[in-house]
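Working notes, structure below.
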Amino acid sequence: MSSTQVTIKDIARILGVSASTVSRALKNHPDISEATKLAVNELAEKLKYEPNAIALSLKHSRSNTIGVIIPEIVHYFFSSVISGIEDVAYDAGFTVIICQSNEKYDREVANVKALLSHRVDGVLVSVSKETIKLDHLYAIQERGVPIVFFDRILSEIHTDHVIIDDRKASYDATRHLIDSGRKRIAHFAGPQNLLLGRERKEGYLQALREANLPVVPELIIEADSFEKAILATNRLLDMDTVPDGLFAVNDLTAIGAMQTLQRRGMRIPKDIAVVGFSDGRFSGITEPNLTSVDQHGYEMGTVAAEMLLRRLLHPTEDEPAQSRVLNANLIIRGSSM
């Protein structure tokens with residue numbers, strides 16, 4: 001045989017039977033003799049025959065695949081989410097196609113087009129930092145493909161989503177710093193075009209106001225990456241009055257801040273306490289270990305996948321969009337004690 005994909009017609013030609021006989025034999029149809037079934041299956045295995053997924057999807061109007069678009073696959077939180085999604089999807093007989101936007105709008109648009117061209121049954125999305133235009137996401141709904149947002153959601157698109165209570169989690173993180181005696185607390189914030197970034201900032205502000213601590217605009221810096229944290233931390237340390245606490249929008253930002261603080265002679269947590277967000281694997285290996293908010297990524301992935309599969313397997317046109325808000329908890333470690 002050539003290197004091209006083996007088809008039912010190839011097997012039928014070799015065995016001298018009809019293509020319909022081969023098709024029914026592969027499906028264990030009772031009208032086909034056991035001898036024919038055995039011959040067909042043995043040859044199919046020998047030739048490494050694989051069903052044509054696209055042809056099957058055209059026939060059955062379902063590909064049994066779901067697409068997932070994430071900002072960064074290397075991020076521990078998103079890898080945990082993927083694990084949850086894949087476990088639920090696998091148990092339901094679905095295959096998962098994973099795409100990475102790499103925090104780029106253009107890549108996210110390309111991801112959507114690729115998934116739709118592969119006729120996925122549904123899509124799970126956590127949008128990129130650059131996503132402002134939404135036409136590509138509306139296109140998913142216009143094709144009649146269910147979509148569920150997770151972690152980073154868009155209020156403009158009316159569909160199912162699952163998030164954590166970012167405002168409360170950020171409030172608790174900042175409140176912990178206040179209860180530890182910190183009075184001048186900085187915040188490295190996420191992009192404010194994302195609801196997630198706005199909610200985490202608002203939780204920080206709420207905690208300061210309730211404690212009657214001043215909100216100092218120059219202590220709020222948009223920095224949501226390791227590299228940006230280095231620049232932002234140097235800005236803080238060059239101020240006349242250095243902060244004694246820092247709440248960062250994610251763990252990598254917090255770790256970038258910690259390394260910069262230590263290089264410049266600051267003691268953590270004696271001089272400045274640091275709290276991160278996501279509780280990834282790195283939080284337990286920093287020195288000191290990083291206090292962080294556990295986002296429960298695996299649980300978020302399972303819930304998001306279950307919401308999507310419910311839409312696929314039990315469609316109800318009149319069912320309103322569902323919102324699931326998961327609780328997050330603060331894991332207190334040495335960086336803030």
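As shown in the structure tokens, the chain order sets the letters A, B, ...; within each chain, residues go from 1, and ligands are also counted from 1 in the order they appear.
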Residues of segment 274-324 of chain A that have any atom at most 10 Å from an atom of segment 171-184 of chain A: could you tabulate them with the shortest-distance atom pair and the distance in Å to one decimal, using only C-alpha atoms, ordered by chain and increasing number, as JSON lines?
```
{"residue": "A:Val274", "atom": "CA", "partner": "A:Leu177", "partner_atom": "CA", "distance": 8.2}
{"residue": "A:Val275", "atom": "CA", "partner": "A:Ala173", "partner_atom": "CA", "distance": 6.8}
{"residue": "A:Gly276", "atom": "CA", "partner": "A:Ala173", "partner_atom": "CA", "distance": 8.3}
{"residue": "A:Phe277", "atom": "CA", "partner": "A:Ala173", "partner_atom": "CA", "distance": 8.7}
{"residue": "A:Thr291", "atom": "CA", "partner": "A:Ala173", "partner_atom": "CA", "distance": 8.8}
{"residue": "A:Ser292", "atom": "CA", "partner": "A:Ala173", "partner_atom": "CA", "distance": 7.8}
{"residue": "A:Val293", "atom": "CA", "partner": "A:Ala173", "partner_atom": "CA", "distance": 7.3}
```
(message) When you look at segment 220-222 of chain A with a cut-off of 10 Å (counting only C-alpha atoms), what residues show up, excluding the ones that are within fewer than 4 positions of it in the same chain? I need them as a list in words.
(response)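 Close residues of segment 220-222 of chain A: Ile185, Ala186, His187, Phe188, Ala189, Gly190, Pro191, Gln192, Gly197, Lys201, Tyr204, Leu205, Val215, Val216, Lys228, Ala229, Ala232, Thr233, Arg235, Leu236, Leu246, Phe247, Ala248 and Val249 of chain A.
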File of the preceding selection, C-alpha atoms, as a PDB file, in the first residue's frame:
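Just written: again-v5.pdb:
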```pdb
ATOM      1  CA  ILE A 185       0.870  48.007  50.300  1.00  0.00           C
ATOM      2  CA  ALA A 186       1.630  48.033  46.582  1.00  0.00           C
ATOM      3  CA  HIS A 187      -0.293  46.179  43.883  1.00  0.00           C
ATOM      4  CA  PHE A 188       1.116  44.833  40.651  1.00  0.00           C
ATOM      5  CA  ALA A 189      -2.065  44.732  38.578  1.00  0.00           C
ATOM      6  CA  GLY A 190      -3.209  42.832  35.504  1.00  0.00           C
ATOM      7  CA  PRO A 191      -4.492  44.408  32.276  1.00  0.00           C
ATOM      8  CA  GLN A 192      -7.567  46.469  33.028  1.00  0.00           C
ATOM      9  CA  GLY A 197      -7.549  42.396  36.193  1.00  0.00           C
ATOM     10  CA  LYS A 201      -7.511  45.413  41.681  1.00  0.00           C
ATOM     11  CA  TYR A 204      -7.144  45.175  46.812  1.00  0.00           C
ATOM     12  CA  LEU A 205      -8.729  48.628  46.942  1.00  0.00           C
ATOM     13  CA  VAL A 215      -4.931  54.472  48.322  1.00  0.00           C
ATOM     14  CA  VAL A 216      -1.653  55.651  46.792  1.00  0.00           C
ATOM     15  CA  LYS A 228       7.557  43.625  34.084  1.00  0.00           C
ATOM     16  CA  ALA A 229       7.844  42.837  37.793  1.00  0.00           C
ATOM     17  CA  ALA A 232       8.048  47.747  38.609  1.00  0.00           C
ATOM     18  CA  THR A 233       9.887  46.610  41.746  1.00  0.00           C
ATOM     19  CA  ARG A 235      10.354  51.749  40.651  1.00  0.00           C
ATOM     20  CA  LEU A 236       8.979  50.970  44.102  1.00  0.00           C
ATOM     21  CA  LEU A 246       3.089  43.776  47.863  1.00  0.00           C
ATOM     22  CA  PHE A 247       0.155  41.940  46.324  1.00  0.00           C
ATOM     23  CA  ALA A 248       0.846  40.669  42.803  1.00  0.00           C
ATOM     24  CA  VAL A 249      -1.718  39.617  40.201  1.00  0.00           C
TER      25      VAL A 249
END
```
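Considering the residues A:Ala169, A:Val74, A:Ile66, A:Ile272 and counting only C-alpha atoms, Val96 of chain A has its shortest atom-to-atom contact with A:Ile66.
Our summary of the geometry notes that atom CA of Val148 of chain A is positioned 6.2 Å from atom CA of Leu308 of chain A.
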(message) Taking 4 positions as the minimum chain separation for residues in the same chain, which residues sit within 9 Å of Ile85 of chain A when counting only C-alpha atoms? Answer as a list in words.
(response)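 Listing them by chain and then by number gives Val68, Ser80, Val81, Ala89, Tyr90, Val96, Tyr298, Glu299, Met300, Gly301, Thr302, Val303, Ala304, Ala305 and Glu306 of chain A.
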(request) Excluding Thr21 of chain A and residues on its chain fewer than 2 positions from it, collect all residues at most 12 Å away from it, counting only C-alpha atoms, and give them as a PyMOL selection string. (result) chain A and resi 8-9+11-13+15-19+23-33+36-37+39-41
(message) Please determine, counting only C-alpha atoms, which residue among A:Gln141, A:Gln262, A:Ser170, A:Gln322 has the shortest atom-to-atom distance to Asp294 of chain A.
(response)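 Answer, going by the shortest atom-to-atom distance: A:Ser170.
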Nearby residues (only C-alpha atoms) at most 8 Å from Ile268 of chain A, same-chain spacing under 5 positions excluded, as a PDB file with C-alpha atoms, in the first residue's frame:
```pdb
ATOM      1  CA  MET A 258      10.954  38.800  45.201  1.00  0.00           C
ATOM      2  CA  GLN A 262      16.459  40.355  47.430  1.00  0.00           C
ATOM      3  CA  ALA A 273       5.814  40.931  52.631  1.00  0.00           C
ATOM      4  CA  VAL A 274       4.804  39.477  49.272  1.00  0.00           C
ATOM      5  CA  PRO A 288      11.071  32.054  51.393  1.00  0.00           C
ATOM      6  CA  SER A 335       6.892  35.361  52.235  1.00  0.00           C
ATOM      7  CA  SER A 336       4.217  37.097  54.310  1.00  0.00           C
TER       8      SER A 336
END
```
(message) Counting only C-alpha atoms, which residue out of A:Arg267, A:His161, A:Lys104, A:His75 sits closest to Val123 of chain A?
(response)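 Distance minimum relative to Val123 of chain A lands on A:His161.
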(request) Apply DSSP to the backbone of this structure and, from segment 23-222 of chain A, keep only the residues in strand (DSSP E); write these as number ranges by chain. (result) A: 65-70, 95-100, 122-125, 147-150, 160-164, 185-189, 220-222
Which of segment 164-323 of chain A end up as helix (DSSP H, G or I) when DSSP is run on this backbone - answer as a CSV table (one decimal) with N, CA, C and O atoms, in the first residue's frame?
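Listed below is the output, out.csv:
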```
chain,number,residue,atom,x,y,z
A,166,ASP,N,-12.6,36.5,42.0
A,166,ASP,CA,-11.3,37.2,42.0
A,166,ASP,C,-11.3,38.3,43.0
A,166,ASP,O,-10.3,38.6,43.6
A,167,ARG,N,-12.4,39.0,43.1
A,167,ARG,CA,-12.5,40.2,44.0
A,167,ARG,C,-12.3,39.7,45.5
A,167,ARG,O,-11.5,40.3,46.2
A,168,LYS,N,-13.0,38.7,45.9
A,168,LYS,CA,-12.9,38.2,47.3
A,168,LYS,C,-11.5,37.7,47.5
A,168,LYS,O,-10.9,37.9,48.6
A,169,ALA,N,-11.0,36.9,46.6
A,169,ALA,CA,-9.7,36.3,46.8
A,169,ALA,C,-8.6,37.4,46.9
A,169,ALA,O,-7.7,37.3,47.8
A,170,SER,N,-8.7,38.5,46.1
A,170,SER,CA,-7.8,39.6,46.2
A,170,SER,C,-8.0,40.4,47.5
A,170,SER,O,-7.0,40.8,48.1
A,171,TYR,N,-9.2,40.5,47.9
A,171,TYR,CA,-9.5,41.2,49.2
A,171,TYR,C,-8.8,40.4,50.3
A,171,TYR,O,-8.2,41.0,51.2
A,172,ASP,N,-9.0,39.1,50.3
A,172,ASP,CA,-8.4,38.2,51.4
A,172,ASP,C,-6.9,38.3,51.4
A,172,ASP,O,-6.3,38.4,52.5
A,173,ALA,N,-6.3,38.3,50.2
A,173,ALA,CA,-4.8,38.4,50.1
A,173,ALA,C,-4.3,39.7,50.7
A,173,ALA,O,-3.4,39.8,51.5
A,174,THR,N,-5.0,40.8,50.3
A,174,THR,CA,-4.6,42.2,50.8
A,174,THR,C,-4.9,42.3,52.3
A,174,THR,O,-4.1,42.9,53.1
A,175,ARG,N,-6.0,41.7,52.7
A,175,ARG,CA,-6.4,41.8,54.2
A,175,ARG,C,-5.4,41.0,55.0
A,175,ARG,O,-5.1,41.5,56.1
A,176,HIS,N,-4.9,39.9,54.5
A,176,HIS,CA,-3.8,39.2,55.2
A,176,HIS,C,-2.6,40.1,55.4
A,176,HIS,O,-2.0,40.0,56.5
A,177,LEU,N,-2.2,40.8,54.4
A,177,LEU,CA,-1.1,41.7,54.5
A,177,LEU,C,-1.3,42.8,55.6
A,177,LEU,O,-0.5,43.1,56.4
A,178,ILE,N,-2.5,43.3,55.6
A,178,ILE,CA,-2.9,44.3,56.6
A,178,ILE,C,-2.9,43.8,58.0
A,178,ILE,O,-2.4,44.4,58.9
A,179,ASP,N,-3.5,42.6,58.1
A,179,ASP,CA,-3.5,41.9,59.4
A,179,ASP,C,-2.1,41.6,59.9
A,179,ASP,O,-1.9,41.4,61.2
A,195,LEU,N,-11.7,41.6,32.7
A,195,LEU,CA,-12.5,41.6,34.0
A,195,LEU,C,-11.7,41.1,35.1
A,195,LEU,O,-11.8,41.6,36.3
A,196,LEU,N,-10.9,40.1,34.9
A,196,LEU,CA,-10.0,39.5,36.0
A,196,LEU,C,-9.1,40.6,36.6
A,196,LEU,O,-9.0,40.7,37.8
A,197,GLY,N,-8.5,41.4,35.7
A,197,GLY,CA,-7.5,42.4,36.2
A,197,GLY,C,-8.3,43.4,37.0
A,197,GLY,O,-7.8,43.9,38.0
A,198,ARG,N,-9.5,43.8,36.6
A,198,ARG,CA,-10.2,44.9,37.3
A,198,ARG,C,-10.7,44.3,38.6
A,198,ARG,O,-10.7,45.1,39.6
A,199,GLU,N,-11.2,43.1,38.6
A,199,GLU,CA,-11.7,42.5,39.9
A,199,GLU,C,-10.6,42.3,40.9
A,199,GLU,O,-10.8,42.6,42.1
A,200,ARG,N,-9.4,41.9,40.5
A,200,ARG,CA,-8.4,41.7,41.5
A,200,ARG,C,-7.9,43.1,42.1
A,200,ARG,O,-7.6,43.2,43.2
A,201,LYS,N,-7.9,44.1,41.2
A,201,LYS,CA,-7.5,45.4,41.7
A,201,LYS,C,-8.6,45.9,42.6
A,201,LYS,O,-8.3,46.5,43.7
A,202,GLU,N,-9.8,45.7,42.3
A,202,GLU,CA,-10.9,46.2,43.2
A,202,GLU,C,-10.9,45.5,44.5
A,202,GLU,O,-11.2,46.2,45.6
A,203,GLY,N,-10.6,44.2,44.6
A,203,GLY,CA,-10.5,43.6,45.9
A,203,GLY,C,-9.4,44.2,46.7
A,203,GLY,O,-9.5,44.3,48.0
A,204,TYR,N,-8.2,44.5,46.1
A,204,TYR,CA,-7.1,45.2,46.8
A,204,TYR,C,-7.6,46.5,47.4
A,204,TYR,O,-7.4,46.9,48.5
A,205,LEU,N,-8.3,47.3,46.5
A,205,LEU,CA,-8.7,48.6,46.9
A,205,LEU,C,-9.8,48.5,48.1
A,205,LEU,O,-9.7,49.3,49.0
A,206,GLN,N,-10.6,47.6,48.0
A,206,GLN,CA,-11.7,47.4,49.0
A,206,GLN,C,-11.0,47.1,50.4
A,206,GLN,O,-11.5,47.7,51.4
A,207,ALA,N,-10.0,46.3,50.4
A,207,ALA,CA,-9.4,45.9,51.6
A,207,ALA,C,-8.7,47.2,52.2
A,207,ALA,O,-8.7,47.4,53.5
A,208,LEU,N,-8.0,48.0,51.4
A,208,LEU,CA,-7.4,49.2,51.9
A,208,LEU,C,-8.4,50.2,52.5
A,208,LEU,O,-8.2,50.7,53.6
A,209,ARG,N,-9.5,50.4,51.8
A,209,ARG,CA,-10.5,51.3,52.3
A,209,ARG,C,-11.1,50.9,53.6
A,209,ARG,O,-11.4,51.7,54.5
A,210,GLU,N,-11.4,49.6,53.7
A,210,GLU,CA,-12.1,49.1,54.9
A,210,GLU,C,-11.1,49.2,56.1
A,210,GLU,O,-11.6,49.4,57.3
A,217,PRO,N,-1.9,56.1,44.4
A,217,PRO,CA,-1.9,55.7,43.0
A,217,PRO,C,-0.6,55.2,42.5
A,217,PRO,O,-0.5,54.2,41.7
A,218,GLU,N,0.5,55.8,42.9
A,218,GLU,CA,1.8,55.4,42.4
A,218,GLU,C,2.3,54.0,42.9
A,218,GLU,O,3.2,53.4,42.4
A,219,LEU,N,1.5,53.4,43.9
A,219,LEU,CA,1.8,52.1,44.3
A,219,LEU,C,1.0,51.0,43.5
A,219,LEU,O,1.2,49.8,43.8
A,226,PHE,N,7.0,38.3,34.8
A,226,PHE,CA,8.3,38.2,35.5
A,226,PHE,C,9.1,39.5,35.1
A,226,PHE,O,9.7,40.1,36.0
A,227,GLU,N,9.2,39.7,33.8
A,227,GLU,CA,10.0,40.8,33.3
A,227,GLU,C,9.5,42.2,33.8
A,227,GLU,O,10.2,43.1,34.2
A,228,LYS,N,8.2,42.4,33.7
A,228,LYS,CA,7.6,43.6,34.1
A,228,LYS,C,7.7,43.8,35.6
A,228,LYS,O,7.8,45.0,36.1
A,229,ALA,N,7.7,42.7,36.3
A,229,ALA,CA,7.8,42.8,37.8
A,229,ALA,C,9.2,43.4,38.2
A,229,ALA,O,9.3,44.2,39.2
A,230,ILE,N,10.2,43.0,37.4
A,230,ILE,CA,11.6,43.6,37.8
A,230,ILE,C,11.6,45.1,37.6
A,230,ILE,O,12.1,45.8,38.5
A,231,LEU,N,11.0,45.6,36.5
A,231,LEU,CA,11.0,47.0,36.3
A,231,LEU,C,10.1,47.7,37.4
A,231,LEU,O,10.5,48.8,37.9
A,232,ALA,N,9.0,47.1,37.7
A,232,ALA,CA,8.0,47.7,38.6
A,232,ALA,C,8.6,47.7,40.0
A,232,ALA,O,8.5,48.7,40.8
A,233,THR,N,9.3,46.7,40.4
A,233,THR,CA,9.9,46.6,41.7
A,233,THR,C,11.0,47.6,41.9
A,233,THR,O,11.1,48.3,43.0
A,234,ASN,N,11.8,47.8,40.9
A,234,ASN,CA,12.8,48.9,41.0
A,234,ASN,C,12.2,50.3,41.1
A,234,ASN,O,12.8,51.1,41.8
A,235,ARG,N,11.1,50.5,40.5
A,235,ARG,CA,10.4,51.7,40.7
A,235,ARG,C,9.9,51.9,42.1
A,235,ARG,O,10.1,53.0,42.7
A,236,LEU,N,9.4,50.9,42.7
A,236,LEU,CA,9.0,51.0,44.1
A,236,LEU,C,10.2,51.3,45.0
A,236,LEU,O,10.1,52.1,45.9
A,237,LEU,N,11.3,50.6,44.8
A,237,LEU,CA,12.4,50.8,45.7
A,237,LEU,C,13.1,52.1,45.5
A,237,LEU,O,13.9,52.5,46.4
A,251,ASP,N,1.6,34.6,40.3
A,251,ASP,CA,2.8,34.1,41.0
A,251,ASP,C,4.1,34.5,40.3
A,251,ASP,O,5.1,34.9,40.9
A,252,LEU,N,4.2,34.4,39.0
A,252,LEU,CA,5.4,34.8,38.3
A,252,LEU,C,5.8,36.3,38.5
A,252,LEU,O,7.0,36.6,38.6
A,253,THR,N,4.8,37.1,38.5
A,253,THR,CA,5.0,38.5,38.9
A,253,THR,C,5.6,38.6,40.3
A,253,THR,O,6.5,39.4,40.5
A,254,ALA,N,5.0,37.9,41.2
A,254,ALA,CA,5.4,38.0,42.6
A,254,ALA,C,6.9,37.5,42.7
A,254,ALA,O,7.7,38.0,43.5
A,255,ILE,N,7.2,36.4,42.0
A,255,ILE,CA,8.5,35.8,42.1
A,255,ILE,C,9.6,36.8,41.5
A,255,ILE,O,10.7,37.0,42.0
A,256,GLY,N,9.2,37.4,40.3
A,256,GLY,CA,10.1,38.5,39.8
A,256,GLY,C,10.4,39.6,40.7
A,256,GLY,O,11.5,40.1,40.9
A,257,ALA,N,9.3,40.0,41.5
A,257,ALA,CA,9.4,41.0,42.5
A,257,ALA,C,10.3,40.5,43.6
A,257,ALA,O,11.2,41.3,44.1
A,258,MET,N,10.2,39.3,44.1
A,258,MET,CA,11.0,38.8,45.2
A,258,MET,C,12.4,38.8,44.9
A,258,MET,O,13.3,39.2,45.7
A,259,GLN,N,12.7,38.3,43.7
A,259,GLN,CA,14.2,38.2,43.3
A,259,GLN,C,14.8,39.6,43.2
A,259,GLN,O,15.9,39.8,43.6
A,260,THR,N,14.0,40.6,42.7
A,260,THR,CA,14.5,41.9,42.6
A,260,THR,C,14.7,42.5,44.0
A,260,THR,O,15.7,43.2,44.2
A,261,LEU,N,13.8,42.3,44.8
A,261,LEU,CA,13.9,42.8,46.2
A,261,LEU,C,15.1,42.3,46.9
A,261,LEU,O,15.8,43.0,47.6
A,262,GLN,N,15.3,41.0,46.8
A,262,GLN,CA,16.5,40.4,47.4
A,262,GLN,C,17.8,40.8,46.9
A,262,GLN,O,18.8,41.0,47.6
A,263,ARG,N,17.8,41.0,45.5
A,263,ARG,CA,19.1,41.5,44.9
A,263,ARG,C,19.4,42.9,45.4
A,263,ARG,O,20.6,43.3,45.5
A,281,ARG,N,3.5,25.7,41.0
A,281,ARG,CA,4.6,24.9,41.6
A,281,ARG,C,5.7,25.7,42.1
A,281,ARG,O,6.4,25.3,43.1
A,282,PHE,N,6.0,26.8,41.5
A,282,PHE,CA,7.1,27.7,41.9
A,282,PHE,C,6.9,28.3,43.3
A,282,PHE,O,7.9,28.6,43.9
A,283,SER,N,5.7,28.4,43.7
A,283,SER,CA,5.4,29.1,45.0
A,283,SER,C,6.0,28.3,46.1
A,283,SER,O,6.3,28.9,47.2
A,284,GLY,N,6.2,27.0,46.0
A,284,GLY,CA,6.7,26.2,47.1
A,284,GLY,C,8.2,26.0,47.0
A,284,GLY,O,8.8,25.4,47.9
A,297,GLY,N,-7.2,25.2,39.7
A,297,GLY,CA,-7.3,25.1,38.2
A,297,GLY,C,-7.9,23.8,37.7
A,297,GLY,O,-8.7,23.8,36.8
A,298,TYR,N,-7.6,22.7,38.4
A,298,TYR,CA,-8.1,21.4,37.9
A,298,TYR,C,-9.6,21.4,38.1
A,298,TYR,O,-10.4,21.0,37.2
A,299,GLU,N,-10.1,21.9,39.2
A,299,GLU,CA,-11.6,22.0,39.4
A,299,GLU,C,-12.2,22.9,38.4
A,299,GLU,O,-13.3,22.6,37.8
A,300,MET,N,-11.6,24.0,38.1
A,300,MET,CA,-12.1,24.9,37.1
A,300,MET,C,-12.2,24.2,35.7
A,300,MET,O,-13.2,24.4,35.0
A,301,GLY,N,-11.2,23.4,35.4
A,301,GLY,CA,-11.2,22.7,34.1
A,301,GLY,C,-12.4,21.7,34.0
A,301,GLY,O,-13.0,21.6,33.0
A,302,THR,N,-12.6,21.0,35.1
A,302,THR,CA,-13.6,19.9,35.1
A,302,THR,C,-15.0,20.6,35.0
A,302,THR,O,-15.9,20.1,34.3
A,303,VAL,N,-15.2,21.7,35.8
A,303,VAL,CA,-16.5,22.4,35.7
A,303,VAL,C,-16.8,23.0,34.3
A,303,VAL,O,-17.9,22.8,33.8
A,304,ALA,N,-15.7,23.6,33.7
A,304,ALA,CA,-15.9,24.2,32.4
A,304,ALA,C,-16.2,23.1,31.4
A,304,ALA,O,-17.1,23.3,30.5
A,305,ALA,N,-15.6,22.0,31.4
A,305,ALA,CA,-15.8,20.9,30.5
A,305,ALA,C,-17.2,20.3,30.7
A,305,ALA,O,-17.9,20.0,29.7
A,306,GLU,N,-17.6,20.1,31.9
A,306,GLU,CA,-19.0,19.6,32.2
A,306,GLU,C,-20.0,20.6,31.7
A,306,GLU,O,-21.1,20.1,31.2
A,307,MET,N,-19.8,21.9,31.8
A,307,MET,CA,-20.8,22.8,31.3
A,307,MET,C,-20.9,22.7,29.8
A,307,MET,O,-22.0,22.8,29.3
A,308,LEU,N,-19.8,22.6,29.1
A,308,LEU,CA,-19.8,22.5,27.7
A,308,LEU,C,-20.5,21.2,27.2
A,308,LEU,O,-21.3,21.1,26.3
A,309,LEU,N,-20.1,20.1,27.9
A,309,LEU,CA,-20.7,18.8,27.5
A,309,LEU,C,-22.2,18.7,27.8
A,309,LEU,O,-23.0,18.1,27.0
A,310,ARG,N,-22.7,19.4,28.8
A,310,ARG,CA,-24.1,19.5,29.0
A,310,ARG,C,-24.8,20.2,27.8
A,310,ARG,O,-25.9,19.7,27.4
A,311,ARG,N,-24.2,21.2,27.3
A,311,ARG,CA,-24.8,21.9,26.1
A,311,ARG,C,-24.8,21.0,24.9
A,311,ARG,O,-25.7,21.0,24.1
A,312,LEU,N,-23.7,20.2,24.8
A,312,LEU,CA,-23.6,19.3,23.6
A,312,LEU,C,-24.5,18.1,23.7
A,312,LEU,O,-25.1,17.7,22.7
A,313,LEU,N,-24.6,17.5,24.9
A,313,LEU,CA,-25.3,16.2,25.0
A,313,LEU,C,-26.8,16.4,25.4
A,313,LEU,O,-27.6,15.5,25.1
```
(message) Taking only C-alpha atoms into account, name the residue in A:Ala321, A:Ile73, A:Glu103, A:Ile98 that is nearest to Phe149 of chain A.
(response)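 Smallest distance to Phe149 of chain A is found for A:Ala321.
Here atom CA of Asp271 of chain A and atom CA of Leu330 of chain A stand 21.2 Å from one another.
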(message) What does the structure give for the distance between atom CA of Gly84 of chain A and atom CA of Asn327 of chain A, in Å to one decimal?
(response)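 Separation of atom CA of Gly84 of chain A and atom CA of Asn327 of chain A: 16.5 Å.
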